[in-house]
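Student: File name coords-v4.tsv; file contents TSV, C-alpha atoms (C1' of nucleotides); full text below.
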```tsv
chain	number	residue	atom	x	y	z
A	49	MET	CA	14.53	27.31	-31.72
A	50	LYS	CA	12.41	24.35	-30.85
A	51	LYS	CA	14.86	22.06	-32.51
A	52	CYS	CA	17.68	23.58	-30.55
A	53	ASN	CA	15.89	22.98	-27.28
A	54	MET	CA	15.21	19.42	-28.21
A	55	LYS	CA	18.81	18.89	-29.05
A	56	ILE	CA	19.89	20.26	-25.70
A	57	THR	CA	17.34	18.10	-23.93
A	58	PHE	CA	18.43	15.09	-25.88
A	59	ASN	CA	22.07	15.67	-25.07
A	60	ARG	CA	21.32	16.24	-21.44
A	61	GLY	CA	19.24	13.08	-21.40
A	62	ALA	CA	21.95	11.07	-23.05
A	63	ARG	CA	24.51	12.34	-20.64
A	64	MET	CA	22.28	11.52	-17.71
A	65	LYS	CA	21.70	8.03	-19.01
A	66	ARG	CA	25.39	7.42	-19.29
A	67	ALA	CA	25.92	8.75	-15.78
A	68	LYS	CA	23.28	6.45	-14.35
A	69	LYS	CA	24.62	3.46	-16.15
A	70	LYS	CA	27.99	4.19	-14.63
A	71	ILE	CA	26.48	4.58	-11.15
A	72	PHE	CA	24.71	1.27	-11.49
A	73	HIS	CA	27.74	-0.47	-12.88
A	74	ASP	CA	29.91	0.83	-10.07
A	75	PHE	CA	27.31	-0.34	-7.59
A	76	ILE	CA	27.31	-3.81	-9.12
A	77	THR	CA	31.09	-3.97	-8.96
A	78	ARG	CA	31.31	-2.64	-5.42
A	79	LYS	CA	28.80	-5.22	-4.22
A	80	GLY	CA	30.56	-8.07	-5.99
A	81	LEU	CA	27.53	-8.67	-8.20
A	82	LYS	CA	27.58	-9.56	-11.84
A	83	SER	CA	26.86	-7.65	-14.97
A	84	THR	CA	24.33	-9.52	-17.06
A	85	ARG	CA	22.57	-9.08	-20.37
A	86	GLN	CA	19.20	-8.91	-18.61
A	87	ARG	CA	20.26	-6.13	-16.26
A	88	ASP	CA	21.60	-4.12	-19.16
A	89	VAL	CA	18.39	-4.51	-21.12
A	90	ILE	CA	16.19	-3.65	-18.15
A	91	LEU	CA	18.29	-0.61	-17.35
A	92	ASP	CA	18.05	0.58	-20.95
A	93	TYR	CA	14.29	0.25	-20.93
A	94	PHE	CA	13.96	1.89	-17.56
A	95	LEU	CA	16.12	4.87	-18.50
A	96	SER	CA	14.28	5.50	-21.73
A	97	SER	CA	10.76	5.26	-20.39
A	98	ASP	CA	8.24	7.24	-18.38
A	99	ARG	CA	9.41	8.54	-15.09
A	100	HIS	CA	6.99	6.42	-13.07
A	101	MET	CA	6.93	2.73	-13.88
A	102	SER	CA	5.51	-0.23	-12.05
A	103	ILE	CA	7.17	-3.62	-12.28
A	104	GLU	CA	4.37	-4.77	-14.54
A	105	ASP	CA	4.62	-1.71	-16.81
A	106	LEU	CA	8.27	-2.41	-17.41
A	107	TYR	CA	7.81	-6.15	-17.70
A	108	LEU	CA	5.13	-5.79	-20.37
A	109	LYS	CA	7.21	-3.30	-22.32
A	110	LEU	CA	10.17	-5.62	-22.24
A	111	ARG	CA	8.24	-8.73	-23.17
A	112	ALA	CA	7.65	-7.58	-26.73
A	113	LYS	CA	11.32	-7.74	-27.66
A	114	HIS	CA	12.65	-9.83	-24.82
A	115	PRO	CA	10.16	-12.57	-24.10
A	116	ASN	CA	12.86	-14.54	-22.34
A	117	ILE	CA	13.24	-12.10	-19.45
A	118	GLY	CA	11.11	-13.16	-16.50
A	119	TYR	CA	8.96	-11.10	-14.19
A	120	ALA	CA	11.09	-12.03	-11.19
A	121	THR	CA	14.19	-10.66	-12.84
A	122	VAL	CA	12.49	-7.33	-13.54
A	123	TYR	CA	11.31	-7.23	-9.94
A	124	ARG	CA	14.76	-7.96	-8.54
A	125	THR	CA	16.51	-5.60	-10.90
A	126	LEU	CA	14.26	-2.67	-10.04
A	127	LYS	CA	15.03	-3.29	-6.38
A	128	LEU	CA	18.71	-3.11	-7.27
A	129	PHE	CA	18.17	0.15	-9.11
A	130	ALA	CA	16.63	1.59	-5.98
A	131	GLU	CA	19.46	0.25	-3.84
A	132	SER	CA	22.06	1.72	-6.17
A	133	GLY	CA	20.42	5.11	-5.97
A	134	ILE	CA	19.35	5.60	-9.58
A	135	ALA	CA	15.69	4.88	-8.81
A	136	ARG	CA	13.30	5.34	-5.94
A	137	GLU	CA	10.22	3.37	-4.93
A	138	ILE	CA	7.02	5.38	-4.67
A	139	GLN	CA	3.50	4.50	-3.63
A	140	PHE	CA	0.45	6.40	-4.75
A	141	GLY	CA	-1.92	4.30	-2.73
A	142	ASP	CA	-3.29	2.31	-5.67
A	143	GLY	CA	-1.56	-0.86	-4.54
A	144	GLN	CA	1.16	-0.65	-7.18
A	145	THR	CA	4.74	0.16	-6.31
A	146	ARG	CA	6.26	2.43	-8.89
A	147	TYR	CA	9.86	3.30	-9.56
A	148	GLU	CA	10.90	6.77	-10.53
A	149	HIS	CA	14.18	8.09	-11.77
A	150	VAL	CA	16.38	9.85	-9.27
A	151	ALA	CA	18.57	12.69	-10.40
A	152	GLU	CA	21.63	13.35	-8.28
A	153	GLY	CA	20.58	14.98	-5.01
A	154	GLU	CA	17.24	15.92	-6.44
A	155	HIS	CA	13.95	15.61	-4.67
A	156	HIS	CA	10.49	16.50	-5.84
A	157	ASP	CA	6.88	15.97	-4.89
A	158	HIS	CA	3.84	14.95	-6.93
A	159	LEU	CA	0.56	16.21	-8.20
A	160	VAL	CA	-1.61	13.20	-9.06
A	161	CYS	CA	-4.75	13.49	-11.16
A	162	THR	CA	-7.43	11.30	-9.62
A	163	ARG	CA	-9.23	10.97	-12.97
A	164	CYS	CA	-6.63	10.25	-15.62
A	165	GLY	CA	-3.67	9.31	-13.44
A	166	THR	CA	-1.37	11.98	-14.81
A	167	ILE	CA	1.55	12.65	-12.51
A	168	VAL	CA	3.23	16.05	-12.41
A	169	GLU	CA	6.37	16.68	-10.44
A	170	PHE	CA	7.03	19.85	-8.55
A	171	LYS	CA	9.42	21.30	-6.08
A	172	ASN	CA	8.91	24.00	-3.52
A	173	GLU	CA	11.75	25.13	-1.31
A	174	THR	CA	9.52	27.05	1.04
A	175	ILE	CA	7.43	24.00	1.79
A	176	GLU	CA	10.57	21.97	2.41
A	177	LYS	CA	11.87	24.55	4.82
A	178	LEU	CA	8.58	24.63	6.71
A	179	GLN	CA	8.64	20.86	6.93
A	180	SER	CA	12.04	20.97	8.61
A	181	GLU	CA	10.75	23.53	11.06
A	182	VAL	CA	7.72	21.43	11.91
A	183	ALA	CA	9.88	18.36	12.41
A	184	ALA	CA	12.34	20.24	14.58
A	185	SER	CA	9.56	21.57	16.77
A	186	HIS	CA	8.61	17.97	17.53
A	187	GLY	CA	12.18	16.85	18.07
A	188	PHE	CA	12.24	14.83	14.85
A	189	LEU	CA	15.15	14.53	12.50
A	190	ILE	CA	13.75	14.14	9.00
A	191	GLU	CA	15.20	11.47	6.76
A	192	THR	CA	12.71	11.58	3.93
A	193	HIS	CA	9.32	12.99	3.22
A	194	LYS	CA	6.41	12.46	0.95
A	195	LEU	CA	4.05	15.09	-0.32
A	196	GLU	CA	1.33	14.26	-2.74
A	197	LEU	CA	-1.49	16.48	-3.90
A	198	TYR	CA	-4.45	14.60	-5.34
A	199	GLY	CA	-7.02	16.32	-7.51
A	200	MET	CA	-8.15	17.05	-11.02
A	201	CYS	CA	-5.69	18.18	-13.64
A	202	ALA	CA	-6.42	21.06	-15.99
A	203	LYS	CA	-7.41	18.69	-18.80
A	204	CYS	CA	-9.90	16.71	-16.72
A	205	ARG	CA	-11.50	19.84	-15.29
A	206	LYS	CA	-12.81	20.82	-18.70
B	183	MET	CA	-4.40	21.86	37.70
B	184	LYS	CA	-3.30	18.72	35.96
B	185	LYS	CA	-6.39	16.93	37.17
B	186	CYS	CA	-8.55	19.74	35.85
B	187	ASN	CA	-6.98	19.49	32.41
B	188	MET	CA	-7.51	15.78	32.34
B	189	LYS	CA	-11.12	16.22	33.28
B	190	ILE	CA	-11.66	18.64	30.43
B	191	THR	CA	-9.93	16.33	28.00
B	192	PHE	CA	-11.96	13.40	29.20
B	193	ASN	CA	-15.22	15.27	28.84
B	194	ARG	CA	-14.32	16.47	25.40
B	195	GLY	CA	-13.38	12.91	24.44
B	196	ALA	CA	-16.65	11.53	25.78
B	197	ARG	CA	-18.64	14.15	23.91
B	198	MET	CA	-16.76	13.41	20.71
B	199	LYS	CA	-17.43	9.70	21.08
B	200	ARG	CA	-21.10	10.29	21.47
B	201	ALA	CA	-21.10	12.58	18.45
B	202	LYS	CA	-19.36	9.99	16.30
B	203	LYS	CA	-21.68	7.25	17.42
B	204	LYS	CA	-24.56	9.41	16.36
B	205	ILE	CA	-22.97	10.17	13.00
B	206	PHE	CA	-22.41	6.47	12.37
B	207	HIS	CA	-25.88	5.51	13.51
B	208	ASP	CA	-27.45	8.16	11.28
B	209	PHE	CA	-25.37	6.87	8.39
B	210	ILE	CA	-26.54	3.31	9.03
B	211	THR	CA	-30.16	4.43	9.10
B	212	ARG	CA	-29.87	6.63	6.04
B	213	LYS	CA	-28.36	3.77	4.05
B	214	GLY	CA	-31.00	1.29	5.17
B	215	LEU	CA	-28.38	-0.81	6.92
B	216	LYS	CA	-28.78	-2.54	10.23
B	217	SER	CA	-27.52	-1.82	13.68
B	218	THR	CA	-25.78	-4.90	15.05
B	219	ARG	CA	-24.05	-5.91	18.22
B	220	GLN	CA	-20.78	-6.42	16.32
B	221	ARG	CA	-20.82	-2.95	14.82
B	222	ASP	CA	-21.44	-1.42	18.21
B	223	VAL	CA	-18.58	-3.31	19.78
B	224	ILE	CA	-16.18	-2.51	16.96
B	225	LEU	CA	-17.12	1.16	17.09
B	226	ASP	CA	-16.53	1.23	20.84
B	227	TYR	CA	-13.10	-0.31	20.48
B	228	PHE	CA	-12.20	1.94	17.60
B	229	LEU	CA	-13.23	5.11	19.39
B	230	SER	CA	-11.33	4.27	22.54
B	231	SER	CA	-8.09	3.22	20.91
B	232	ASP	CA	-5.03	4.69	19.28
B	233	ARG	CA	-5.63	7.10	16.52
B	234	HIS	CA	-4.02	4.88	13.87
B	235	MET	CA	-5.24	1.31	13.75
B	236	SER	CA	-4.87	-1.36	11.14
B	237	ILE	CA	-7.58	-3.96	10.64
B	238	GLU	CA	-5.39	-6.50	12.33
B	239	ASP	CA	-4.62	-4.25	15.30
B	240	LEU	CA	-8.28	-3.81	15.98
B	241	TYR	CA	-9.14	-7.43	15.28
B	242	LEU	CA	-6.52	-8.67	17.75
B	243	LYS	CA	-7.64	-6.23	20.42
B	244	LEU	CA	-11.22	-7.34	19.99
B	245	ARG	CA	-10.47	-11.02	19.98
B	246	ALA	CA	-9.55	-11.11	23.65
B	247	LYS	CA	-13.07	-10.29	24.79
B	248	HIS	CA	-15.01	-11.01	21.63
B	249	PRO	CA	-13.56	-14.14	20.05
B	250	ASN	CA	-16.74	-14.56	18.06
B	251	ILE	CA	-16.23	-11.47	15.92
B	252	GLY	CA	-14.53	-12.36	12.65
B	253	TYR	CA	-11.81	-10.59	10.73
B	254	ALA	CA	-14.10	-9.98	7.77
B	255	THR	CA	-16.56	-8.14	9.96
B	256	VAL	CA	-13.87	-5.87	11.34
B	257	TYR	CA	-12.69	-5.24	7.80
B	258	ARG	CA	-16.16	-4.42	6.53
B	259	THR	CA	-17.02	-2.31	9.53
B	260	LEU	CA	-13.91	-0.17	9.24
B	261	LYS	CA	-14.81	0.45	5.61
B	262	LEU	CA	-18.21	1.61	6.79
B	263	PHE	CA	-16.62	3.93	9.33
B	264	ALA	CA	-14.65	5.51	6.52
B	265	GLU	CA	-17.73	5.78	4.35
B	266	SER	CA	-19.69	7.38	7.16
B	267	GLY	CA	-17.01	9.97	7.66
B	268	ILE	CA	-15.88	9.13	11.18
B	269	ALA	CA	-12.67	7.46	9.99
B	270	ARG	CA	-10.20	7.78	7.16
B	271	GLU	CA	-7.94	5.25	5.47
B	272	ILE	CA	-4.24	6.07	5.50
B	273	GLN	CA	-1.19	4.37	4.08
B	274	PHE	CA	2.28	4.79	5.47
B	275	GLY	CA	3.88	2.63	2.85
B	276	ASP	CA	4.44	-0.38	5.10
B	277	GLY	CA	1.80	-2.43	3.31
B	278	GLN	CA	-0.80	-1.99	6.05
B	279	THR	CA	-3.87	0.15	5.65
B	280	ARG	CA	-4.62	2.07	8.80
B	281	TYR	CA	-7.71	3.90	9.90
B	282	GLU	CA	-7.53	7.15	11.77
B	283	HIS	CA	-10.21	9.12	13.53
B	284	VAL	CA	-11.63	12.07	11.67
B	285	ALA	CA	-12.71	15.14	13.56
B	286	GLU	CA	-15.29	17.28	11.82
B	287	GLY	CA	-13.63	19.20	9.00
B	288	GLU	CA	-10.21	18.61	10.44
B	289	HIS	CA	-7.14	17.67	8.47
B	290	HIS	CA	-3.63	16.99	9.67
B	291	ASP	CA	-0.40	15.50	8.45
B	292	HIS	CA	2.02	13.03	9.99
B	293	LEU	CA	5.48	12.68	11.38
B	294	VAL	CA	6.43	9.02	11.34
B	295	CYS	CA	9.39	7.65	13.28
B	296	THR	CA	11.22	5.14	11.13
B	297	ARG	CA	12.66	3.38	14.19
B	298	CYS	CA	9.84	2.93	16.69
B	299	GLY	CA	6.84	3.65	14.48
B	300	THR	CA	5.54	6.51	16.60
B	301	ILE	CA	3.16	8.72	14.69
B	302	VAL	CA	2.73	12.38	15.55
B	303	GLU	CA	0.10	14.54	13.94
B	304	PHE	CA	0.65	18.12	12.96
B	305	LYS	CA	-0.98	20.87	11.05
B	306	ASN	CA	0.53	23.81	9.26
B	307	GLU	CA	-1.64	26.37	7.56
B	308	THR	CA	1.22	27.94	5.66
B	309	ILE	CA	2.18	24.65	4.06
B	310	GLU	CA	-1.45	24.05	3.09
B	311	LYS	CA	-1.66	27.45	1.48
B	312	LEU	CA	1.54	26.88	-0.46
B	313	GLN	CA	0.19	23.54	-1.65
B	314	SER	CA	-2.87	25.24	-3.09
B	315	GLU	CA	-0.66	27.74	-4.86
B	316	VAL	CA	1.49	25.02	-6.37
B	317	ALA	CA	-1.57	23.11	-7.52
B	318	ALA	CA	-3.13	26.22	-9.02
B	319	SER	CA	0.04	27.03	-10.92
B	320	HIS	CA	-0.28	23.65	-12.63
B	321	GLY	CA	-3.99	23.99	-13.27
B	322	PHE	CA	-4.87	21.36	-10.69
B	323	LEU	CA	-7.84	21.48	-8.35
B	324	ILE	CA	-6.80	19.75	-5.12
B	325	GLU	CA	-9.19	17.27	-3.58
B	326	THR	CA	-6.95	15.79	-0.94
B	327	HIS	CA	-3.33	15.72	-0.06
B	328	LYS	CA	-0.89	13.67	1.87
B	329	LEU	CA	2.17	14.90	3.66
B	330	GLU	CA	4.34	12.60	5.67
B	331	LEU	CA	7.70	13.33	7.21
B	332	TYR	CA	9.76	10.25	7.99
B	333	GLY	CA	12.64	10.35	10.39
B	334	MET	CA	13.80	9.73	13.91
B	335	CYS	CA	11.75	10.91	16.85
B	336	ALA	CA	13.33	12.66	19.83
B	337	LYS	CA	13.31	9.47	21.89
B	338	CYS	CA	15.05	7.34	19.26
B	339	ARG	CA	17.68	9.99	18.61
B	340	LYS	CA	19.10	9.56	22.10
C	133	DT	C1'	39.01	-24.07	-19.16
C	134	DT	C1'	37.75	-24.72	-14.60
C	135	DG	C1'	35.37	-23.87	-10.52
C	136	DC	C1'	33.05	-20.93	-7.55
C	137	DT	C1'	29.58	-17.68	-7.02
C	138	DA	C1'	25.76	-15.17	-8.41
C	139	DA	C1'	21.71	-14.71	-11.67
C	140	DT	C1'	17.80	-16.37	-13.96
C	141	DG	C1'	13.09	-17.89	-14.66
C	142	DA	C1'	9.47	-20.96	-13.49
C	143	DT	C1'	7.10	-21.97	-9.76
C	144	DT	C1'	5.42	-21.64	-5.22
C	145	DA	C1'	4.56	-19.09	-1.04
C	146	DT	C1'	3.11	-15.08	1.52
C	147	DC	C1'	0.63	-11.22	2.87
C	148	DA	C1'	-3.05	-8.19	3.26
C	149	DC	C1'	-6.89	-7.68	1.84
C	150	DT	C1'	-11.56	-8.92	-0.61
C	151	DT	C1'	-15.32	-11.79	-1.93
C	152	DT	C1'	-18.39	-15.78	-1.53
C	153	DC	C1'	-21.89	-18.34	0.50
C	154	DA	C1'	-24.57	-20.78	3.86
C	155	DT	C1'	-26.51	-19.41	8.06
C	156	DA	C1'	-27.97	-16.11	11.50
C	157	DT	C1'	-29.82	-11.40	12.76
C	158	DT	C1'	-32.46	-7.31	12.17
C	159	DA	C1'	-36.45	-4.71	11.86
C	160	DA	C1'	-40.60	-3.78	9.56
C	161	DT	C1'	-45.16	-5.77	9.08
C	162	DC	C1'	-48.67	-8.52	10.32
D	192	DG	C1'	-45.21	-12.35	19.44
D	193	DA	C1'	-44.86	-14.53	14.73
D	194	DT	C1'	-43.69	-13.75	9.91
D	195	DT	C1'	-40.79	-12.38	6.45
D	196	DA	C1'	-37.76	-10.01	3.50
D	197	DA	C1'	-33.43	-7.86	3.55
D	198	DT	C1'	-29.02	-7.37	5.52
D	199	DA	C1'	-25.03	-9.08	8.40
D	200	DT	C1'	-21.93	-12.47	9.91
D	201	DG	C1'	-18.03	-15.71	9.96
D	202	DA	C1'	-15.53	-19.40	7.87
D	203	DA	C1'	-13.39	-20.25	4.03
D	204	DA	C1'	-11.86	-19.50	-0.52
D	205	DG	C1'	-10.15	-16.08	-3.93
D	206	DT	C1'	-7.11	-12.11	-5.47
D	207	DG	C1'	-3.31	-9.47	-6.82
D	208	DA	C1'	1.04	-7.82	-5.86
D	209	DT	C1'	5.23	-8.90	-3.86
D	210	DA	C1'	8.70	-12.11	-2.21
D	211	DA	C1'	11.13	-16.50	-1.73
D	212	DT	C1'	12.66	-21.14	-3.50
D	213	DC	C1'	15.26	-24.00	-6.31
D	214	DA	C1'	17.15	-26.35	-10.23
D	215	DT	C1'	19.63	-24.68	-13.99
D	216	DT	C1'	22.46	-21.31	-16.39
D	217	DA	C1'	25.82	-17.77	-16.86
D	218	DG	C1'	29.73	-14.43	-15.19
D	219	DC	C1'	34.29	-14.02	-14.20
D	220	DA	C1'	38.65	-14.63	-11.69
D	221	DA	C1'	42.44	-17.69	-11.59
```
Let me see the structure of the file written as structure tokens.

Tutor:
Amino acid sequence: MKKCNMKITFNRGARMKRAKKKIFHDFITRKGLKSTRQRDVILDYFLSSDRHMSIEDLYLKLRAKHPNIGYATVYRTLKLFAESGIAREIQFGDGQTRYEHVAEGEHHDHLVCTRCGTIVEFKNETIEKLQSEVAASHGFLIETHKLELYGMCAKCRK
Amino acid sequence: MKKCNMKITFNRGARMKRAKKKIFHDFITRKGLKSTRQRDVILDYFLSSDRHMSIEDLYLKLRAKHPNIGYATVYRTLKLFAESGIAREIQFGDGQTRYEHVAEGEHHDHLVCTRCGTIVEFKNETIEKLQSEVAASHGFLIETHKLELYGMCAKCRK
DNA sequence: TTGCTAATGATTATCACTTTCATATTAATC
DNA sequence: GATTAATATGAAAGTGATAATCATTAGCAA
């Protein structure tokens, strides 16, 4: 049973990775940019890592096997990921920009543990709807939003 | 009628200012810090200005009449305001820390116009309640939260 | 293969804080 | 009011993360 679930997850993950690689590749082509070894490597690492990575996180991970890839390239490539739509920049107020994976049309918010830094994603349709109502009542047209709940996670409360 | 409303608002504002000055002064005393001319001036400017000021905003405003007050002092004083409870640091993701006024026990969220930078405050009890529920369902104990809606304000939509 | 364009990586610059340090101010005590 | 010990100030230097520069290298279309 467990194994089956893992298999499904794995397959779904693999499919998603392929989809994102295609999105990025199409983006590169459309923009007249070039496909390079570095971009491929960085994309691979990004897709198979934690959902919330800073430039430094990714750079350090890469450096072990790819000491020739520079910090600036990681920085520029992550920006491209965001521009292509497969990643999104997020700020948790700790002075580090992080990049998270973006699934097609998906949006979610975050629970951030102020002790251990754990980040949990959640989604609540009712809250989203209320947000739209609030915005409308002030004449605003929402483009994006940001909801973060900071506190102690179950583990740290013990 | 209009005049009457303004009078009420003005009086309430004046009372609030006095209250905050007292809170800050008490804080200074309790901590064994010193009351200085600079801190008084900065507090005056802060209390009678926009609700969302960056260090630089305040520093530039001050400089016109108080060219002798340094950036570092403004920076340190705003930190003290936050520590004393009369102000709160906020980040809108534009790389500038801003300080907003804090009314006793009050919390609100923000609508931010991505074109003109206008910031509107709002409050929605239902959203807050739903946030608590979400947090609880993940075993989190919320300490603070942050909700920002980014979009176009009524004025910019025209 | 050539030639044009974009990418890379090392380095430098920038920006918004943040800290340092010599000097000046408080405020408590004589 | 003078003394004095502690804190505050302001100019300047330091930080850390991001962003830009530039000489060199690498895609890729013809």

Student: Would you kindly return, as a VMD selection string, each protein, DNA or RNA residue with an atom no farther than 12 Å from any atom of range 116-129 of chain A, considering only C-alpha atoms (C1' of nucleotides) and excluding same-chain residues fewer than 4 positions away?

Tutor: (chain A and resid 68 to 76 79 81 to 95 101 to 112 133 to 138 145 to 150) or (chain C and resid 139 to 143) or (chain D and resid 208 to 211)

Student: Could you fit chain B onto chain A by least squares over every C-alpha atom, paired in order, and give me the moved chain as a compact mmCIF listing (two decimals) with C-alpha atoms, keeping the file's coordinate frame?

Tutor:
```
# COMPACT_ATOMS: atom_id res chain seq x y z
CA MET B 183 14.59 27.60 -31.67
CA LYS B 184 12.38 24.70 -30.75
CA LYS B 185 14.75 22.32 -32.47
CA CYS B 186 17.65 23.80 -30.54
CA ASN B 187 15.89 23.26 -27.23
CA MET B 188 15.12 19.70 -28.12
CA LYS B 189 18.72 19.09 -29.03
CA ILE B 190 19.87 20.39 -25.68
CA THR B 191 17.32 18.29 -23.86
CA PHE B 192 18.31 15.23 -25.82
CA ASN B 193 21.98 15.72 -25.10
CA ARG B 194 21.33 16.26 -21.44
CA GLY B 195 19.19 13.12 -21.39
CA ALA B 196 21.87 11.08 -23.13
CA ARG B 197 24.51 12.31 -20.72
CA MET B 198 22.31 11.49 -17.76
CA LYS B 199 21.70 7.99 -19.08
CA ARG B 200 25.37 7.36 -19.41
CA ALA B 201 25.97 8.68 -15.91
CA LYS B 202 23.32 6.40 -14.44
CA LYS B 203 24.64 3.40 -16.29
CA LYS B 204 28.01 4.11 -14.80
CA ILE B 205 26.58 4.51 -11.31
CA PHE B 206 24.76 1.19 -11.62
CA HIS B 207 27.76 -0.59 -13.08
CA ASP B 208 30.00 0.72 -10.29
CA PHE B 209 27.44 -0.45 -7.76
CA ILE B 210 27.36 -3.92 -9.32
CA THR B 211 31.15 -4.13 -9.21
CA ARG B 212 31.44 -2.80 -5.69
CA LYS B 213 28.93 -5.36 -4.44
CA GLY B 214 30.64 -8.24 -6.24
CA LEU B 215 27.57 -8.81 -8.38
CA LYS B 216 27.56 -9.69 -12.03
CA SER B 217 26.82 -7.75 -15.15
CA THR B 218 24.23 -9.60 -17.20
CA ARG B 219 22.45 -9.13 -20.47
CA GLN B 220 19.09 -8.95 -18.66
CA ARG B 221 20.22 -6.19 -16.33
CA ASP B 222 21.52 -4.17 -19.24
CA VAL B 223 18.29 -4.51 -21.15
CA ILE B 224 16.14 -3.67 -18.15
CA LEU B 225 18.27 -0.63 -17.38
CA ASP B 226 17.97 0.56 -20.97
CA TYR B 227 14.20 0.26 -20.91
CA PHE B 228 13.95 1.89 -17.52
CA LEU B 229 16.10 4.85 -18.48
CA SER B 230 14.22 5.52 -21.68
CA SER B 231 10.72 5.28 -20.27
CA ASP B 232 8.25 7.26 -18.23
CA ARG B 233 9.47 8.55 -14.97
CA HIS B 234 7.04 6.43 -12.92
CA MET B 235 6.97 2.75 -13.75
CA SER B 236 5.56 -0.19 -11.89
CA ILE B 237 7.20 -3.60 -12.15
CA GLU B 238 4.38 -4.73 -14.36
CA ASP B 239 4.60 -1.69 -16.64
CA LEU B 240 8.22 -2.38 -17.30
CA TYR B 241 7.76 -6.13 -17.56
CA LEU B 242 5.03 -5.74 -20.19
CA LYS B 243 7.07 -3.25 -22.18
CA LEU B 244 10.02 -5.59 -22.16
CA ARG B 245 8.07 -8.67 -23.06
CA ALA B 246 7.40 -7.52 -26.60
CA LYS B 247 11.05 -7.70 -27.60
CA HIS B 248 12.44 -9.81 -24.79
CA PRO B 249 9.92 -12.54 -24.01
CA ASN B 250 12.64 -14.50 -22.29
CA ILE B 251 13.08 -12.06 -19.42
CA GLY B 252 10.99 -13.09 -16.43
CA TYR B 253 8.92 -11.03 -14.05
CA ALA B 254 11.10 -12.00 -11.10
CA THR B 255 14.17 -10.64 -12.82
CA VAL B 256 12.49 -7.31 -13.50
CA TYR B 257 11.39 -7.22 -9.88
CA ARG B 258 14.85 -7.98 -8.55
CA THR B 259 16.55 -5.62 -10.94
CA LEU B 260 14.34 -2.69 -10.03
CA LYS B 261 15.18 -3.33 -6.39
CA LEU B 262 18.83 -3.16 -7.34
CA PHE B 263 18.28 0.12 -9.16
CA ALA B 264 16.80 1.53 -5.98
CA GLU B 265 19.65 0.18 -3.90
CA SER B 266 22.20 1.65 -6.27
CA GLY B 267 20.60 5.04 -6.02
CA ILE B 268 19.46 5.55 -9.60
CA ALA B 269 15.81 4.84 -8.78
CA ARG B 270 13.43 5.27 -5.89
CA GLU B 271 10.35 3.34 -4.83
CA ILE B 272 7.15 5.36 -4.54
CA GLN B 273 3.63 4.51 -3.50
CA PHE B 274 0.60 6.43 -4.64
CA GLY B 275 -1.79 4.37 -2.60
CA ASP B 276 -3.21 2.39 -5.52
CA GLY B 277 -1.53 -0.81 -4.39
CA GLN B 278 1.22 -0.63 -7.01
CA THR B 279 4.81 0.16 -6.17
CA ARG B 280 6.35 2.42 -8.75
CA TYR B 281 9.94 3.29 -9.45
CA GLU B 282 10.98 6.76 -10.42
CA HIS B 283 14.27 8.07 -11.71
CA VAL B 284 16.50 9.79 -9.20
CA ALA B 285 18.66 12.67 -10.28
CA GLU B 286 21.71 13.29 -8.14
CA GLY B 287 20.63 14.90 -4.87
CA GLU B 288 17.31 15.89 -6.31
CA HIS B 289 13.99 15.61 -4.55
CA HIS B 290 10.54 16.49 -5.78
CA ASP B 291 6.93 15.95 -4.88
CA HIS B 292 3.91 14.92 -6.92
CA LEU B 293 0.62 16.14 -8.25
CA VAL B 294 -1.51 13.14 -9.11
CA CYS B 295 -4.64 13.40 -11.25
CA THR B 296 -7.34 11.22 -9.75
CA ARG B 297 -9.10 10.88 -13.11
CA CYS B 298 -6.46 10.12 -15.73
CA GLY B 299 -3.53 9.20 -13.50
CA THR B 300 -1.21 11.87 -14.86
CA ILE B 301 1.66 12.58 -12.53
CA VAL B 302 3.35 15.96 -12.44
CA GLU B 303 6.46 16.61 -10.42
CA PHE B 304 7.10 19.80 -8.55
CA LYS B 305 9.45 21.26 -6.05
CA ASN B 306 8.92 24.00 -3.53
CA GLU B 307 11.72 25.15 -1.30
CA THR B 308 9.46 27.08 1.02
CA ILE B 309 7.34 24.03 1.76
CA GLU B 310 10.49 22.00 2.44
CA LYS B 311 11.75 24.61 4.85
CA LEU B 312 8.43 24.71 6.68
CA GLN B 313 8.50 20.93 6.94
CA SER B 314 11.86 21.06 8.67
CA GLU B 315 10.53 23.64 11.08
CA VAL B 316 7.49 21.54 11.92
CA ALA B 317 9.65 18.48 12.45
CA ALA B 318 12.08 20.39 14.65
CA SER B 319 9.27 21.73 16.78
CA HIS B 320 8.32 18.14 17.57
CA GLY B 321 11.88 17.01 18.16
CA PHE B 322 11.97 14.97 14.98
CA LEU B 323 14.93 14.64 12.65
CA ILE B 324 13.56 14.23 9.12
CA GLU B 325 15.06 11.55 6.93
CA THR B 326 12.61 11.63 4.07
CA HIS B 327 9.24 13.03 3.31
CA LYS B 328 6.37 12.49 1.00
CA LEU B 329 4.02 15.10 -0.33
CA GLU B 330 1.33 14.26 -2.79
CA LEU B 331 -1.49 16.46 -3.99
CA TYR B 332 -4.42 14.57 -5.46
CA GLY B 333 -6.95 16.24 -7.67
CA MET B 334 -8.04 16.95 -11.20
CA CYS B 335 -5.54 18.05 -13.80
CA ALA B 336 -6.25 20.91 -16.19
CA LYS B 337 -7.19 18.53 -18.99
CA CYS B 338 -9.70 16.54 -16.94
CA ARG B 339 -11.31 19.68 -15.56
CA LYS B 340 -12.58 20.65 -19.00
```

Student: Figure out the distance between CA of Lys194 in chain A and CA of Thr162 in chain A, please, to one decimal in Å.

Tutor: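 According to the coordinates, CA of Thr162 in chain A and CA of Lys194 in chain A are separated by 17.5 Å.
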
Student: Compute the distance from (1.2, 9.2, 12.6) to each atom, counting only C-alpha atoms (C1' of nucleotides), keep the residues with any atom at most 12 Å away, and return them as a VMD selection string; use the coordinates of the file.

Tutor: chain B and resid 232 to 235 272 to 274 280 to 283 290 to 296 298 to 305 328 to 333 335
